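Here's work_18.cif, which has mmCIF, N, CA and C atoms:
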```
data_protein
#
loop_
_atom_site.label_atom_id
_atom_site.label_comp_id
_atom_site.auth_asym_id
_atom_site.auth_seq_id
_atom_site.Cartn_x
_atom_site.Cartn_y
_atom_site.Cartn_z
N MET N 1 23.09 20.23 -4.92
CA MET N 1 22.06 19.50 -4.27
C MET N 1 20.96 19.12 -5.25
N PHE N 2 20.48 17.92 -5.15
CA PHE N 2 19.41 17.45 -6.02
C PHE N 2 18.08 17.53 -5.28
N LYS N 3 17.09 18.11 -5.94
CA LYS N 3 15.77 18.25 -5.33
C LYS N 3 14.74 17.30 -5.94
N LYS N 4 14.91 16.96 -7.22
CA LYS N 4 13.99 16.04 -7.90
C LYS N 4 14.82 15.05 -8.70
N ILE N 5 14.65 13.78 -8.37
CA ILE N 5 15.42 12.72 -9.01
C ILE N 5 14.46 11.79 -9.76
N VAL N 6 14.79 11.53 -11.00
CA VAL N 6 14.04 10.56 -11.81
C VAL N 6 14.94 9.33 -11.96
N VAL N 7 14.38 8.16 -11.67
CA VAL N 7 15.14 6.92 -11.83
C VAL N 7 14.36 5.99 -12.75
N ALA N 8 15.06 5.45 -13.73
CA ALA N 8 14.44 4.51 -14.66
C ALA N 8 14.51 3.11 -14.05
N TYR N 9 13.38 2.41 -14.10
CA TYR N 9 13.30 1.09 -13.48
C TYR N 9 12.51 0.14 -14.36
N ASP N 10 13.08 -1.06 -14.58
CA ASP N 10 12.38 -2.06 -15.39
C ASP N 10 12.40 -3.45 -14.76
N GLY N 11 12.79 -3.53 -13.49
CA GLY N 11 12.81 -4.81 -12.80
C GLY N 11 14.10 -5.59 -12.96
N SER N 12 15.00 -5.11 -13.80
CA SER N 12 16.27 -5.81 -14.02
C SER N 12 17.24 -5.56 -12.87
N GLU N 13 18.27 -6.38 -12.81
CA GLU N 13 19.29 -6.22 -11.77
C GLU N 13 19.97 -4.86 -11.87
N ASN N 14 20.25 -4.42 -13.09
CA ASN N 14 20.91 -3.12 -13.26
C ASN N 14 20.00 -1.96 -12.84
N SER N 15 18.71 -2.08 -13.12
CA SER N 15 17.82 -1.00 -12.71
C SER N 15 17.60 -1.02 -11.20
N LEU N 16 17.70 -2.18 -10.57
CA LEU N 16 17.62 -2.26 -9.11
C LEU N 16 18.81 -1.53 -8.47
N LYS N 17 19.98 -1.70 -9.05
CA LYS N 17 21.16 -0.98 -8.56
C LYS N 17 20.96 0.54 -8.70
N ALA N 18 20.38 0.94 -9.83
CA ALA N 18 20.11 2.37 -10.05
C ALA N 18 19.09 2.87 -9.03
N LEU N 19 18.06 2.08 -8.77
CA LEU N 19 17.05 2.46 -7.77
C LEU N 19 17.68 2.62 -6.39
N ASP N 20 18.52 1.67 -6.00
CA ASP N 20 19.19 1.75 -4.70
C ASP N 20 20.02 3.03 -4.58
N ARG N 21 20.74 3.37 -5.64
CA ARG N 21 21.56 4.59 -5.63
C ARG N 21 20.68 5.83 -5.58
N ALA N 22 19.58 5.82 -6.33
CA ALA N 22 18.67 6.96 -6.32
C ALA N 22 18.05 7.15 -4.93
N ILE N 23 17.72 6.06 -4.27
CA ILE N 23 17.19 6.14 -2.91
C ILE N 23 18.22 6.77 -1.98
N GLU N 24 19.47 6.34 -2.07
CA GLU N 24 20.53 6.93 -1.25
C GLU N 24 20.63 8.43 -1.49
N LEU N 25 20.64 8.82 -2.75
CA LEU N 25 20.77 10.24 -3.09
C LEU N 25 19.55 11.03 -2.62
N ALA N 26 18.37 10.46 -2.77
CA ALA N 26 17.16 11.16 -2.33
C ALA N 26 17.18 11.37 -0.82
N LYS N 27 17.65 10.36 -0.09
CA LYS N 27 17.74 10.50 1.38
C LYS N 27 18.73 11.59 1.76
N CYS N 28 19.89 11.59 1.12
CA CYS N 28 20.94 12.57 1.45
C CYS N 28 20.53 14.00 1.11
N ASN N 29 19.71 14.14 0.07
CA ASN N 29 19.36 15.47 -0.41
C ASN N 29 17.93 15.88 -0.09
N ASN N 30 17.20 15.02 0.64
CA ASN N 30 15.79 15.28 0.93
C ASN N 30 15.05 15.60 -0.36
N ALA N 31 15.28 14.77 -1.36
CA ALA N 31 14.75 15.01 -2.70
C ALA N 31 13.49 14.20 -2.99
N GLU N 32 12.70 14.70 -3.93
CA GLU N 32 11.57 13.94 -4.47
C GLU N 32 12.14 12.82 -5.34
N LEU N 33 11.49 11.67 -5.31
CA LEU N 33 11.95 10.54 -6.13
C LEU N 33 10.82 10.11 -7.06
N HIS N 34 11.12 10.11 -8.35
CA HIS N 34 10.17 9.71 -9.38
C HIS N 34 10.72 8.45 -10.05
N VAL N 35 9.98 7.36 -9.96
CA VAL N 35 10.40 6.09 -10.56
C VAL N 35 9.58 5.92 -11.84
N VAL N 36 10.28 5.74 -12.96
CA VAL N 36 9.59 5.64 -14.25
C VAL N 36 9.99 4.35 -14.97
N GLY N 37 9.04 3.86 -15.73
CA GLY N 37 9.28 2.70 -16.58
C GLY N 37 8.70 2.97 -17.95
N VAL N 38 9.35 2.44 -18.96
CA VAL N 38 8.91 2.68 -20.33
C VAL N 38 8.70 1.36 -21.03
N VAL N 39 7.54 1.22 -21.63
CA VAL N 39 7.22 0.05 -22.43
C VAL N 39 7.43 0.43 -23.88
N ARG N 40 8.29 -0.30 -24.54
CA ARG N 40 8.54 -0.06 -25.96
C ARG N 40 7.58 -0.92 -26.76
N MET N 41 6.66 -0.26 -27.45
CA MET N 41 5.69 -0.99 -28.25
C MET N 41 6.30 -1.30 -29.61
N PHE N 42 6.02 -2.47 -30.09
CA PHE N 42 6.56 -2.90 -31.38
C PHE N 42 5.62 -2.52 -32.50
N GLU N 43 6.18 -2.31 -33.67
CA GLU N 43 5.38 -2.02 -34.85
C GLU N 43 4.97 -3.34 -35.49
N PHE N 44 3.69 -3.65 -35.41
CA PHE N 44 3.16 -4.88 -35.98
C PHE N 44 2.51 -4.65 -37.34
N ALA N 45 2.51 -3.41 -37.80
CA ALA N 45 1.78 -3.08 -39.02
C ALA N 45 2.22 -3.92 -40.22
N ALA N 46 3.48 -4.28 -40.27
CA ALA N 46 4.00 -5.02 -41.42
C ALA N 46 3.72 -6.52 -41.31
N ILE N 47 3.18 -6.95 -40.20
CA ILE N 47 2.93 -8.37 -40.00
C ILE N 47 1.44 -8.62 -40.17
N ASP N 48 1.08 -9.30 -41.24
CA ASP N 48 -0.34 -9.52 -41.57
C ASP N 48 -1.06 -10.46 -40.61
N TYR N 49 -0.34 -11.39 -40.02
CA TYR N 49 -1.02 -12.42 -39.24
C TYR N 49 -1.19 -12.07 -37.76
N VAL N 50 -0.91 -10.86 -37.38
CA VAL N 50 -1.14 -10.43 -36.00
C VAL N 50 -2.38 -9.53 -36.00
N SER N 51 -3.40 -9.96 -35.30
CA SER N 51 -4.66 -9.21 -35.28
C SER N 51 -4.55 -8.00 -34.36
N PRO N 52 -5.40 -7.01 -34.58
CA PRO N 52 -5.42 -5.85 -33.68
C PRO N 52 -5.71 -6.24 -32.23
N GLU N 53 -6.53 -7.27 -32.05
CA GLU N 53 -6.84 -7.73 -30.70
C GLU N 53 -5.60 -8.30 -30.02
N GLU N 54 -4.80 -9.05 -30.78
CA GLU N 54 -3.57 -9.63 -30.23
C GLU N 54 -2.57 -8.53 -29.87
N ILE N 55 -2.50 -7.51 -30.70
CA ILE N 55 -1.60 -6.39 -30.42
C ILE N 55 -2.05 -5.67 -29.15
N GLU N 56 -3.35 -5.42 -29.05
CA GLU N 56 -3.89 -4.75 -27.87
C GLU N 56 -3.63 -5.56 -26.60
N GLU N 57 -3.82 -6.87 -26.67
CA GLU N 57 -3.58 -7.74 -25.53
C GLU N 57 -2.11 -7.73 -25.12
N TYR N 58 -1.22 -7.78 -26.12
CA TYR N 58 0.22 -7.72 -25.85
C TYR N 58 0.58 -6.42 -25.13
N GLU N 59 0.06 -5.31 -25.65
CA GLU N 59 0.36 -4.00 -25.05
C GLU N 59 -0.15 -3.93 -23.61
N LYS N 60 -1.35 -4.43 -23.37
CA LYS N 60 -1.90 -4.44 -22.00
C LYS N 60 -1.02 -5.26 -21.06
N GLN N 61 -0.56 -6.41 -21.53
CA GLN N 61 0.30 -7.27 -20.71
C GLN N 61 1.61 -6.58 -20.38
N GLU N 62 2.20 -5.93 -21.37
CA GLU N 62 3.48 -5.24 -21.14
C GLU N 62 3.31 -4.08 -20.17
N ILE N 63 2.26 -3.32 -20.31
CA ILE N 63 2.01 -2.20 -19.39
C ILE N 63 1.75 -2.73 -17.99
N SER N 64 0.98 -3.80 -17.88
CA SER N 64 0.69 -4.40 -16.57
C SER N 64 1.97 -4.91 -15.91
N LYS N 65 2.83 -5.54 -16.68
CA LYS N 65 4.09 -6.04 -16.14
C LYS N 65 4.96 -4.88 -15.64
N GLU N 66 5.04 -3.82 -16.41
CA GLU N 66 5.85 -2.67 -16.02
C GLU N 66 5.26 -2.01 -14.77
N GLU N 67 3.95 -1.91 -14.70
CA GLU N 67 3.31 -1.32 -13.53
C GLU N 67 3.62 -2.14 -12.27
N LYS N 68 3.63 -3.46 -12.41
CA LYS N 68 3.98 -4.34 -11.28
C LYS N 68 5.40 -4.05 -10.80
N PHE N 69 6.35 -3.92 -11.74
CA PHE N 69 7.73 -3.61 -11.37
C PHE N 69 7.80 -2.28 -10.63
N LEU N 70 7.08 -1.27 -11.14
CA LEU N 70 7.15 0.05 -10.53
C LEU N 70 6.51 0.08 -9.15
N LYS N 71 5.44 -0.68 -8.96
CA LYS N 71 4.83 -0.75 -7.63
C LYS N 71 5.79 -1.41 -6.63
N GLU N 72 6.53 -2.41 -7.08
CA GLU N 72 7.54 -3.03 -6.22
C GLU N 72 8.64 -2.02 -5.88
N ALA N 73 9.02 -1.22 -6.86
CA ALA N 73 10.05 -0.20 -6.64
C ALA N 73 9.56 0.84 -5.63
N ILE N 74 8.32 1.28 -5.78
CA ILE N 74 7.77 2.27 -4.85
C ILE N 74 7.68 1.70 -3.44
N GLN N 75 7.41 0.41 -3.33
CA GLN N 75 7.38 -0.23 -2.02
C GLN N 75 8.78 -0.15 -1.39
N LYS N 76 9.80 -0.37 -2.19
CA LYS N 76 11.19 -0.28 -1.70
C LYS N 76 11.51 1.16 -1.28
N VAL N 77 11.03 2.12 -2.05
CA VAL N 77 11.21 3.53 -1.72
C VAL N 77 10.54 3.84 -0.38
N SER N 78 9.33 3.35 -0.19
CA SER N 78 8.60 3.57 1.07
C SER N 78 9.30 2.94 2.26
N GLN N 79 9.83 1.74 2.05
CA GLN N 79 10.56 1.05 3.12
C GLN N 79 11.81 1.82 3.54
N ALA N 80 12.33 2.63 2.61
CA ALA N 80 13.50 3.45 2.92
C ALA N 80 13.10 4.76 3.61
N GLY N 81 11.80 4.93 3.84
CA GLY N 81 11.32 6.13 4.53
C GLY N 81 11.09 7.32 3.62
N LEU N 82 10.97 7.08 2.34
CA LEU N 82 10.78 8.15 1.37
C LEU N 82 9.41 8.05 0.72
N ASN N 83 8.94 9.18 0.22
CA ASN N 83 7.75 9.19 -0.61
C ASN N 83 8.22 9.21 -2.06
N GLY N 84 7.52 8.48 -2.88
CA GLY N 84 7.89 8.46 -4.29
C GLY N 84 6.66 8.34 -5.17
N THR N 85 6.83 8.71 -6.41
CA THR N 85 5.77 8.54 -7.39
C THR N 85 6.29 7.65 -8.50
N TYR N 86 5.36 7.07 -9.24
CA TYR N 86 5.79 6.27 -10.38
C TYR N 86 4.91 6.55 -11.58
N LYS N 87 5.46 6.26 -12.75
CA LYS N 87 4.71 6.46 -13.98
C LYS N 87 5.19 5.46 -15.03
N VAL N 88 4.22 4.83 -15.70
CA VAL N 88 4.50 3.95 -16.83
C VAL N 88 4.26 4.76 -18.10
N MET N 89 5.23 4.70 -19.01
CA MET N 89 5.11 5.42 -20.26
C MET N 89 5.30 4.45 -21.42
N GLU N 90 4.91 4.88 -22.60
CA GLU N 90 5.06 4.06 -23.80
C GLU N 90 5.88 4.83 -24.82
N GLY N 91 6.81 4.13 -25.47
CA GLY N 91 7.59 4.77 -26.53
C GLY N 91 9.05 4.41 -26.45
N ASP N 92 9.88 5.30 -26.98
CA ASP N 92 11.33 5.12 -26.92
C ASP N 92 11.79 5.43 -25.50
N PRO N 93 12.46 4.49 -24.83
CA PRO N 93 12.82 4.71 -23.42
C PRO N 93 13.60 6.00 -23.16
N ALA N 94 14.64 6.26 -23.91
CA ALA N 94 15.45 7.46 -23.65
C ALA N 94 14.61 8.72 -23.82
N GLU N 95 13.85 8.80 -24.90
CA GLU N 95 13.03 9.99 -25.15
C GLU N 95 11.99 10.19 -24.06
N GLU N 96 11.31 9.11 -23.68
CA GLU N 96 10.26 9.23 -22.67
C GLU N 96 10.82 9.63 -21.31
N ILE N 97 11.94 9.04 -20.93
CA ILE N 97 12.56 9.37 -19.64
C ILE N 97 12.99 10.83 -19.61
N MET N 98 13.64 11.30 -20.68
CA MET N 98 14.09 12.69 -20.72
C MET N 98 12.90 13.66 -20.73
N THR N 99 11.86 13.34 -21.48
CA THR N 99 10.68 14.20 -21.52
C THR N 99 10.04 14.30 -20.15
N TYR N 100 9.90 13.16 -19.48
CA TYR N 100 9.31 13.16 -18.15
C TYR N 100 10.17 13.98 -17.18
N ALA N 101 11.48 13.78 -17.24
CA ALA N 101 12.39 14.53 -16.36
C ALA N 101 12.25 16.03 -16.57
N ASP N 102 12.10 16.45 -17.82
CA ASP N 102 11.89 17.87 -18.12
C ASP N 102 10.55 18.35 -17.55
N GLU N 103 9.50 17.53 -17.73
CA GLU N 103 8.16 17.92 -17.28
C GLU N 103 8.08 18.13 -15.77
N VAL N 104 8.78 17.29 -15.00
CA VAL N 104 8.70 17.42 -13.54
C VAL N 104 9.78 18.34 -12.97
N GLY N 105 10.65 18.86 -13.83
CA GLY N 105 11.70 19.75 -13.37
C GLY N 105 12.81 19.04 -12.61
N SER N 106 13.09 17.82 -13.03
CA SER N 106 14.14 17.02 -12.38
C SER N 106 15.51 17.64 -12.61
N ASP N 107 16.39 17.48 -11.62
CA ASP N 107 17.76 17.92 -11.81
C ASP N 107 18.74 16.75 -11.86
N LEU N 108 18.23 15.50 -11.80
CA LEU N 108 19.09 14.33 -11.94
C LEU N 108 18.27 13.17 -12.49
N ILE N 109 18.87 12.46 -13.44
CA ILE N 109 18.30 11.21 -13.95
C ILE N 109 19.28 10.10 -13.58
N VAL N 110 18.76 9.03 -12.98
CA VAL N 110 19.58 7.88 -12.61
C VAL N 110 19.12 6.68 -13.44
N VAL N 111 20.06 6.05 -14.12
CA VAL N 111 19.76 4.88 -14.94
C VAL N 111 20.79 3.79 -14.68
N GLY N 112 20.37 2.57 -14.89
CA GLY N 112 21.30 1.45 -14.82
C GLY N 112 21.97 1.25 -16.16
N ARG N 113 23.13 0.66 -16.13
CA ARG N 113 23.85 0.35 -17.36
C ARG N 113 23.48 -1.07 -17.75
N ARG N 114 22.89 -1.22 -18.87
CA ARG N 114 22.41 -2.53 -19.32
C ARG N 114 23.57 -3.46 -19.60
N GLY N 115 24.67 -2.94 -20.15
CA GLY N 115 25.80 -3.79 -20.45
C GLY N 115 25.77 -4.39 -21.84
N VAL N 116 24.88 -3.85 -22.70
CA VAL N 116 24.86 -4.32 -24.09
C VAL N 116 26.12 -3.79 -24.77
N GLY N 117 26.80 -4.64 -25.48
CA GLY N 117 28.04 -4.19 -26.09
C GLY N 117 28.14 -4.49 -27.56
N GLY N 118 29.20 -3.97 -28.15
CA GLY N 118 29.58 -4.29 -29.51
C GLY N 118 28.52 -4.06 -30.55
N PHE N 119 28.34 -5.06 -31.39
CA PHE N 119 27.45 -4.96 -32.55
C PHE N 119 26.00 -4.74 -32.14
N LYS N 120 25.56 -5.39 -31.06
CA LYS N 120 24.18 -5.24 -30.62
C LYS N 120 23.90 -3.78 -30.23
N ARG N 121 24.82 -3.12 -29.56
CA ARG N 121 24.63 -1.73 -29.19
C ARG N 121 24.52 -0.87 -30.43
N LEU N 122 25.33 -1.18 -31.44
CA LEU N 122 25.30 -0.44 -32.69
C LEU N 122 23.93 -0.55 -33.34
N LEU N 123 23.31 -1.73 -33.26
CA LEU N 123 22.01 -1.95 -33.90
C LEU N 123 20.86 -1.32 -33.13
N ILE N 124 20.82 -1.49 -31.82
CA ILE N 124 19.65 -1.04 -31.06
C ILE N 124 19.89 0.24 -30.27
N GLY N 125 21.12 0.66 -30.17
CA GLY N 125 21.41 1.86 -29.40
C GLY N 125 21.38 1.57 -27.91
N SER N 126 21.69 2.56 -27.13
CA SER N 126 21.74 2.39 -25.69
C SER N 126 20.93 3.49 -25.03
N THR N 127 19.97 3.09 -24.23
CA THR N 127 19.14 4.07 -23.53
C THR N 127 20.01 4.98 -22.67
N SER N 128 20.90 4.39 -21.88
CA SER N 128 21.72 5.21 -20.99
C SER N 128 22.64 6.14 -21.79
N SER N 129 23.20 5.66 -22.89
CA SER N 129 24.07 6.51 -23.72
C SER N 129 23.31 7.69 -24.30
N ASN N 130 22.10 7.42 -24.78
CA ASN N 130 21.30 8.51 -25.35
C ASN N 130 20.89 9.52 -24.29
N ILE N 131 20.59 9.06 -23.10
CA ILE N 131 20.24 9.98 -22.03
C ILE N 131 21.45 10.84 -21.66
N VAL N 132 22.61 10.22 -21.56
CA VAL N 132 23.82 10.98 -21.24
C VAL N 132 24.07 12.05 -22.30
N LYS N 133 23.88 11.70 -23.56
CA LYS N 133 24.15 12.64 -24.65
C LYS N 133 23.17 13.80 -24.70
N TYR N 134 21.89 13.52 -24.45
CA TYR N 134 20.87 14.51 -24.79
C TYR N 134 20.07 15.09 -23.63
N ALA N 135 20.22 14.59 -22.44
CA ALA N 135 19.42 15.08 -21.31
C ALA N 135 19.81 16.50 -20.92
N ASN N 136 18.83 17.23 -20.42
CA ASN N 136 19.05 18.58 -19.91
C ASN N 136 19.49 18.57 -18.46
N GLN N 137 19.47 17.40 -17.83
CA GLN N 137 19.82 17.26 -16.42
C GLN N 137 21.16 16.54 -16.30
N SER N 138 21.67 16.52 -15.07
CA SER N 138 22.79 15.65 -14.77
C SER N 138 22.30 14.20 -14.87
N VAL N 139 23.19 13.30 -15.25
CA VAL N 139 22.82 11.90 -15.41
C VAL N 139 23.84 11.05 -14.66
N LEU N 140 23.32 10.09 -13.89
CA LEU N 140 24.16 9.12 -13.21
C LEU N 140 23.86 7.76 -13.80
N VAL N 141 24.87 7.13 -14.39
CA VAL N 141 24.72 5.77 -14.92
C VAL N 141 25.37 4.83 -13.90
N VAL N 142 24.58 3.94 -13.34
CA VAL N 142 25.05 3.05 -12.29
C VAL N 142 25.42 1.71 -12.92
N LYS N 143 26.67 1.29 -12.68
CA LYS N 143 27.12 0.00 -13.21
C LYS N 143 26.72 -1.11 -12.29
#
```
As structure tokens - that is how I would like this structure written.
Amino acid sequence: MFKKIVVAYDGSENSLKALDRAIELAKCNNAELHVVGVVRMFEFAAIDYVSPEEIEEYEKQEISKEEKFLKEAIQKVSQAGLNGTYKVMEGDPAEEIMTYADEVGSDLIVVGRRGVGGFKRLLIGSTSSNIVKYANQSVLVVK
């Protein structure tokens, strides 16, 4: 039985499928549902023509966009008759999701499968793959 479920959400179709599955599982198990989003900040230090103000504005926009997605997700959770919490984090998505899941004592992480394949996956890695490899909880990857 799952008592605390963390679901990663970024507004994409795959994360919506993961959210729907997490809602189903939370209903069946009377579990807490935590919806999380991670903003990956880029390293602009090597780029001379980007001002600190532009970087700050970019980061604010990205956080605001992610917060909007998570509020929409929480609305969907509420419509399903559940209470949920959300949190926007900054950093490497897999690391942040796993850290948060550990902090709240989650026993399941639900993520969508992005579908990145081949050479691109080799270059950027896969959030869901890293979570499956390294998480302390059970992980459900929703296709």
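Evaluated against the shown file, the PyMOL selection byres ((chain N and resi 110) around 7) gives Ile5, Val6, Val7, Ala8, Ala18, Leu19, Ala22, Leu108, Ile109, Val111, Gly112, Ser138, Val139, Leu140, Val141 and Val142 of chain N.
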Distance criterion (only C-alpha atoms): nearest to Glu62 (chain N) out of N:Ser106, N:Asp10, N:Arg113, N:Ile74: N:Asp10
Residue contacts of Lys3 (chain N) (7 Å, all atoms listed in the file) excluding same-chain residues fewer than 5 positions away, as a ChimeraX atom specification: /N:29-33,106-108
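Of the listed residues N:Lys17, N:Ser78, N:Met41, N:Gly11, the one whose atoms come nearest to Asp92 (chain N) is N:Met41, with distances taken using all atoms listed in the file.
Distances from N:Met98, N:Leu82, N:Val36, N:Ala26 to Ile131 (chain N) were compared using only N, CA and C atoms, and the smallest one belongs to N:Met98.
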As a PyMOL selection string, which residues of region 28-98 of chain N does DSSP assign to helix (DSSP H, G or I)? chain N and resi 28-29+52-79+93-98
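Minimum atom-to-atom distance to Val38 (chain N), evaluated using only N, CA and C atoms, belongs to N:Val88 out of N:Thr127, N:Phe2, N:Lys71, N:Val88.
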Since the input has fewer atoms than a full residue there, write region 53-62 of chain N out with all heavy atoms, as a tab-separated table (two decimals), in the coordinates of the input.
```tsv
chain	number	residue	atom	x	y	z
N	53	GLU	N	-6.53	-7.27	-32.05
N	53	GLU	CA	-6.84	-7.73	-30.70
N	53	GLU	C	-5.60	-8.30	-30.02
N	53	GLU	O	-5.39	-8.09	-28.82
N	53	GLU	CB	-7.96	-8.79	-30.73
N	53	GLU	CG	-9.30	-8.27	-31.17
N	53	GLU	CD	-9.44	-8.14	-32.69
N	53	GLU	OE1	-8.64	-8.75	-33.45
N	53	GLU	OE2	-10.35	-7.41	-33.13
N	54	GLU	N	-4.80	-9.05	-30.78
N	54	GLU	CA	-3.57	-9.63	-30.23
N	54	GLU	C	-2.57	-8.53	-29.87
N	54	GLU	O	-1.91	-8.60	-28.84
N	54	GLU	CB	-2.93	-10.60	-31.23
N	54	GLU	CG	-3.69	-11.88	-31.41
N	54	GLU	CD	-3.14	-12.74	-32.53
N	54	GLU	OE1	-2.96	-12.23	-33.64
N	54	GLU	OE2	-2.86	-13.93	-32.25
N	55	ILE	N	-2.50	-7.51	-30.70
N	55	ILE	CA	-1.60	-6.39	-30.42
N	55	ILE	C	-2.05	-5.67	-29.15
N	55	ILE	O	-1.24	-5.37	-28.27
N	55	ILE	CB	-1.56	-5.40	-31.61
N	55	ILE	CG1	-0.92	-6.07	-32.82
N	55	ILE	CG2	-0.83	-4.12	-31.23
N	55	ILE	CD1	-1.05	-5.28	-34.10
N	56	GLU	N	-3.35	-5.42	-29.05
N	56	GLU	CA	-3.89	-4.75	-27.87
N	56	GLU	C	-3.63	-5.56	-26.60
N	56	GLU	O	-3.26	-5.01	-25.55
N	56	GLU	CB	-5.39	-4.51	-28.05
N	56	GLU	CG	-6.00	-3.68	-26.96
N	56	GLU	CD	-7.47	-3.40	-27.20
N	56	GLU	OE1	-7.89	-3.33	-28.36
N	56	GLU	OE2	-8.19	-3.25	-26.19
N	57	GLU	N	-3.82	-6.87	-26.67
N	57	GLU	CA	-3.58	-7.74	-25.53
N	57	GLU	C	-2.11	-7.73	-25.12
N	57	GLU	O	-1.77	-7.65	-23.94
N	57	GLU	CB	-4.04	-9.18	-25.83
N	57	GLU	CG	-3.88	-10.12	-24.66
N	57	GLU	CD	-4.68	-9.71	-23.43
N	57	GLU	OE1	-5.74	-9.06	-23.55
N	57	GLU	OE2	-4.22	-10.02	-22.31
N	58	TYR	N	-1.22	-7.78	-26.12
N	58	TYR	CA	0.22	-7.72	-25.85
N	58	TYR	C	0.58	-6.42	-25.13
N	58	TYR	O	1.30	-6.42	-24.13
N	58	TYR	CB	1.00	-7.84	-27.18
N	58	TYR	CG	2.45	-7.48	-27.04
N	58	TYR	CD1	3.36	-8.40	-26.52
N	58	TYR	CD2	2.92	-6.23	-27.39
N	58	TYR	CE1	4.71	-8.07	-26.37
N	58	TYR	CE2	4.26	-5.88	-27.24
N	58	TYR	CZ	5.14	-6.81	-26.73
N	58	TYR	OH	6.45	-6.46	-26.57
N	59	GLU	N	0.06	-5.31	-25.65
N	59	GLU	CA	0.36	-4.00	-25.05
N	59	GLU	C	-0.15	-3.93	-23.61
N	59	GLU	O	0.55	-3.43	-22.73
N	59	GLU	CB	-0.23	-2.89	-25.90
N	59	GLU	CG	0.49	-2.72	-27.23
N	59	GLU	CD	-0.14	-1.68	-28.14
N	59	GLU	OE1	-1.27	-1.20	-27.84
N	59	GLU	OE2	0.49	-1.35	-29.15
N	60	LYS	N	-1.35	-4.43	-23.37
N	60	LYS	CA	-1.90	-4.44	-22.00
N	60	LYS	C	-1.02	-5.26	-21.06
N	60	LYS	O	-0.78	-4.86	-19.92
N	60	LYS	CB	-3.32	-5.01	-22.00
N	60	LYS	CG	-4.37	-4.06	-22.50
N	60	LYS	CD	-5.74	-4.72	-22.45
N	60	LYS	CE	-6.82	-3.82	-23.00
N	60	LYS	NZ	-8.13	-4.48	-23.02
N	61	GLN	N	-0.56	-6.41	-21.53
N	61	GLN	CA	0.30	-7.27	-20.71
N	61	GLN	C	1.61	-6.58	-20.38
N	61	GLN	O	2.09	-6.65	-19.24
N	61	GLN	CB	0.56	-8.60	-21.41
N	61	GLN	CG	-0.63	-9.52	-21.46
N	61	GLN	CD	-0.37	-10.77	-22.27
N	61	GLN	OE1	0.72	-10.99	-22.80
N	61	GLN	NE2	-1.39	-11.62	-22.39
N	62	GLU	N	2.20	-5.93	-21.37
N	62	GLU	CA	3.48	-5.24	-21.14
N	62	GLU	C	3.31	-4.08	-20.17
N	62	GLU	O	4.15	-3.89	-19.28
N	62	GLU	CB	4.07	-4.75	-22.47
N	62	GLU	CG	4.58	-5.86	-23.36
N	62	GLU	CD	5.67	-6.69	-22.70
N	62	GLU	OE1	6.68	-6.11	-22.26
N	62	GLU	OE2	5.50	-7.92	-22.62
```
